[in-house]
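Chemist: I have a structure here, written as C-alpha cells, and I will follow up with some questions on it.
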Amino acid sequence: MTDGLFSPVTNERVSQHIVDQIKSLLRDGKLVPGDRLPSERELCERFGVSRVTVREALRVLEAGGLIQIRVGARGGAFFTSPTAARLGEGLADLLQLSPLTAADVTEARMVFELGIIPYAVERATAEDIADLQVLVKEAEQALKNDAYTMDMSAAFHTRLASCTHNPAIEMLVQSFHGPLLMSLNEARVNAPLMGRKGTTEHGQLVKAIEQRDVEAAIKVMKTHLQRTASRVESIDE
C-alpha cells in the first residue's frame with residue numbers, strides 16, 4: 001500500500017522532513033488511520049536515511065498522537081486519529097508559556113464560553129446533562145466538606161464544552177485548561193467563598209440547558225463570568 005509514497009531526504013533536520021512527508025500523506029488521504037507504516041528497515045531504504053533518523057521521526061509522530069507503536073508479532077507503527085485532548089497539548093504548552101494575565105484569560109472566556117452556549121443548549125444529550133448534574137452535586141458535597149477546589153470548576157466548564165459535540169471546540173477548551181485554572185485560582189484569592197456562588201450558577205446553567213433555554217443559559221453564564229472578571233481585574237491592577 002505504501003510503495004512509491006516516500007522519497008529520499010537529504011537536507012538538515014532530516015527526521016523533520018520525514019515527519020512532514022508523512023503528515024502530507026495523511027492530509028491527502030493517501031494514508032489513513034489504521035494503516036501500518038513499513039518496518040524501520042524499509043523506511044530507512046525508502047527515505048535513504050539511518051535507522052536513528054527514522055526512529056527520531058517516529059518518536060515525533062507518536063508524541064503528536066499520529067501513530068501508535070505496538071509490540072509483538074503483529075506490532076509496528078500504526079496511524080491513529082489524535083484525540084481532542086492530544087491535539088490540544090501543543091496549544092496548551094504555548095498558552096502556559098505565554099505572559100497571560102488572569103484578566104486576559106477571563107476576557108477570552110467571555111468571548112468564547114458565551115459563544116458556545118447556543119450549541120451546548122441545542123446539542124446536549126441526556127448523558128451530557130446527567131454528567132453536568134453529577135459534577136454540580138460533587139461540587140456541592142465538596143463545599144460541605146470544605147474540600148472544594150478550582151479544579152472542580154474547571155472540570156465543569158470543560159465538560160460543558162463537550163456538550164457542543166464539536167471536536168474543535170473541545171480541543172480549544174482542553175488546551176485552555178491551564179490558563180483557566182490559573183485565572184480561577186487568582187480570582188479565589190480575592191473571594192475565598194466564590195466556589196459557593198459559582199456552583200449554584202453551574203446548577204442554574206444545567207437547568208437552563210435541560211430546558212433548552214438559550215437565553216437563560218447565556219444570562220447565567222454572563223453573570224458567572226462577569227463576576228470572575230471583576231475579581232481578577234482588581235488583582236492585575
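By convention in this document, the chains of the C-alpha cells carry letters A, B, ... by their order, each chain's residues are numbered from 1, and ligands are numbered from 1 in the order they are shown.
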Run DSSP on the backbone and grab whatever in region 34-233 of chain A lands in alpha helix (DSSP H); send it over as an NGL selection string.
Modeler: :A and (40-47 or 51-63 or 84-97 or 102-123 or 126-144 or 150-162 or 167-175 or 177-190 or 194-210 or 214-233)
Chemist: Using only C-alpha atoms, determine which residues lie at most 9 Å from Gln211 (chain A), disregarding the query and same-chain residues fewer than 4 positions distant; provide the list as a PDB file with all heavy atoms, in the first residue's frame.
Modeler:
ATOM      1  N   VAL A 121     -26.633  24.134  24.385  1.00  0.00           N
ATOM      2  CA  VAL A 121     -28.065  24.012  24.699  1.00  0.00           C
ATOM      3  C   VAL A 121     -28.776  23.165  23.648  1.00  0.00           C
ATOM      4  O   VAL A 121     -29.608  22.311  23.966  1.00  0.00           O
ATOM      5  CB  VAL A 121     -28.718  25.405  24.785  1.00  0.00           C
ATOM      6  CG1 VAL A 121     -30.241  25.278  24.891  1.00  0.00           C
ATOM      7  CG2 VAL A 121     -28.173  26.179  25.980  1.00  0.00           C
ATOM      8  N   VAL A 206     -27.106  24.247  34.158  1.00  0.00           N
ATOM      9  CA  VAL A 206     -27.529  22.899  33.751  1.00  0.00           C
ATOM     10  C   VAL A 206     -29.048  22.847  33.589  1.00  0.00           C
ATOM     11  O   VAL A 206     -29.569  22.255  32.630  1.00  0.00           O
ATOM     12  CB  VAL A 206     -27.077  21.845  34.782  1.00  0.00           C
ATOM     13  CG1 VAL A 206     -27.608  20.458  34.396  1.00  0.00           C
ATOM     14  CG2 VAL A 206     -25.557  21.802  34.883  1.00  0.00           C
ATOM     15  N   LYS A 207     -29.762  23.496  34.476  1.00  0.00           N
ATOM     16  CA  LYS A 207     -31.225  23.520  34.392  1.00  0.00           C
ATOM     17  C   LYS A 207     -31.674  24.212  33.110  1.00  0.00           C
ATOM     18  O   LYS A 207     -32.601  23.754  32.423  1.00  0.00           O
ATOM     19  CB  LYS A 207     -31.807  24.241  35.607  1.00  0.00           C
ATOM     20  CG  LYS A 207     -33.328  24.228  35.656  1.00  0.00           C
ATOM     21  CD  LYS A 207     -33.849  24.877  36.931  1.00  0.00           C
ATOM     22  CE  LYS A 207     -35.381  24.855  36.964  1.00  0.00           C
ATOM     23  NZ  LYS A 207     -35.905  25.484  38.210  1.00  0.00           N
TER      24      LYS A 207
END
Chemist: Compile the contact shell of Gln226 (chain A) as a count of residues only: residues with an atom at most 12 Å away, counting only C-alpha atoms, same-chain residues fewer than 2 positions apart removed.
Modeler: 24
Chemist: Find the residues near Met152 (chain A): any atom within 10 Å, counting only C-alpha atoms, skip ones fewer than 3 places away on the same chain, and give them as a ChimeraX atom specification.
Modeler: /A:135-136,138-139,142,148-149,155-158,181,195,199
Chemist: Using C-alpha atoms, can you write the selected residues to a file as a PDB file, in the first residue's frame?
Modeler:
ATOM      1  CA  LEU A 135     -20.338  17.487  38.646  1.00  0.00           C
ATOM      2  CA  VAL A 136     -22.590  20.036  40.343  1.00  0.00           C
ATOM      3  CA  GLU A 138     -19.920  16.598  43.662  1.00  0.00           C
ATOM      4  CA  ALA A 139     -19.006  20.282  43.984  1.00  0.00           C
ATOM      5  CA  ALA A 142     -17.107  19.148  48.427  1.00  0.00           C
ATOM      6  CA  TYR A 148     -13.801  22.265  47.107  1.00  0.00           C
ATOM      7  CA  THR A 149     -11.078  23.203  44.620  1.00  0.00           C
ATOM      8  CA  ALA A 155     -13.828  20.361  35.050  1.00  0.00           C
ATOM      9  CA  PHE A 156     -17.404  21.625  34.781  1.00  0.00           C
ATOM     10  CA  HIS A 157     -16.509  24.167  32.098  1.00  0.00           C
ATOM     11  CA  THR A 158     -14.514  21.587  30.146  1.00  0.00           C
ATOM     12  CA  LEU A 181      -7.279  27.129  36.296  1.00  0.00           C
ATOM     13  CA  GLY A 195     -16.983  28.457  44.794  1.00  0.00           C
ATOM     14  CA  THR A 199     -21.532  26.101  41.969  1.00  0.00           C
TER      15      THR A 199
END
Chemist: Which is closer to Leu37 (chain A) than all the others in A:His177, A:His17, A:Arg227, A:Arg70, using only C-alpha atoms?
Modeler: A:Arg70
Chemist: According to DSSP computed on the backbone, where in region 10-229 of chain A is there strand (DSSP E)? Give the residues as a list in words.
Modeler: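 Reading the DSSP output for region 10-229 of chain A, strand (DSSP E) covers Ile67, Gln68, Ile69, Arg70, Gly76, Ala77, Phe78 and Phe79 of chain A.
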Chemist: Would you work out the distance separating CA of Pro33 (chain A) from CA of Ile67 (chain A), expressed in Å to one decimal?
Modeler: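 Answer for the CA of Pro33 (chain A) to CA of Ile67 (chain A) separation: 8.4 Å.
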Chemist: Here is a test: counting only C-alpha atoms, which residue of A:Arg41, A:Ser50, A:Glu122, A:Asp35 is nearest to Ser81 (chain A)?
Modeler: A:Asp35
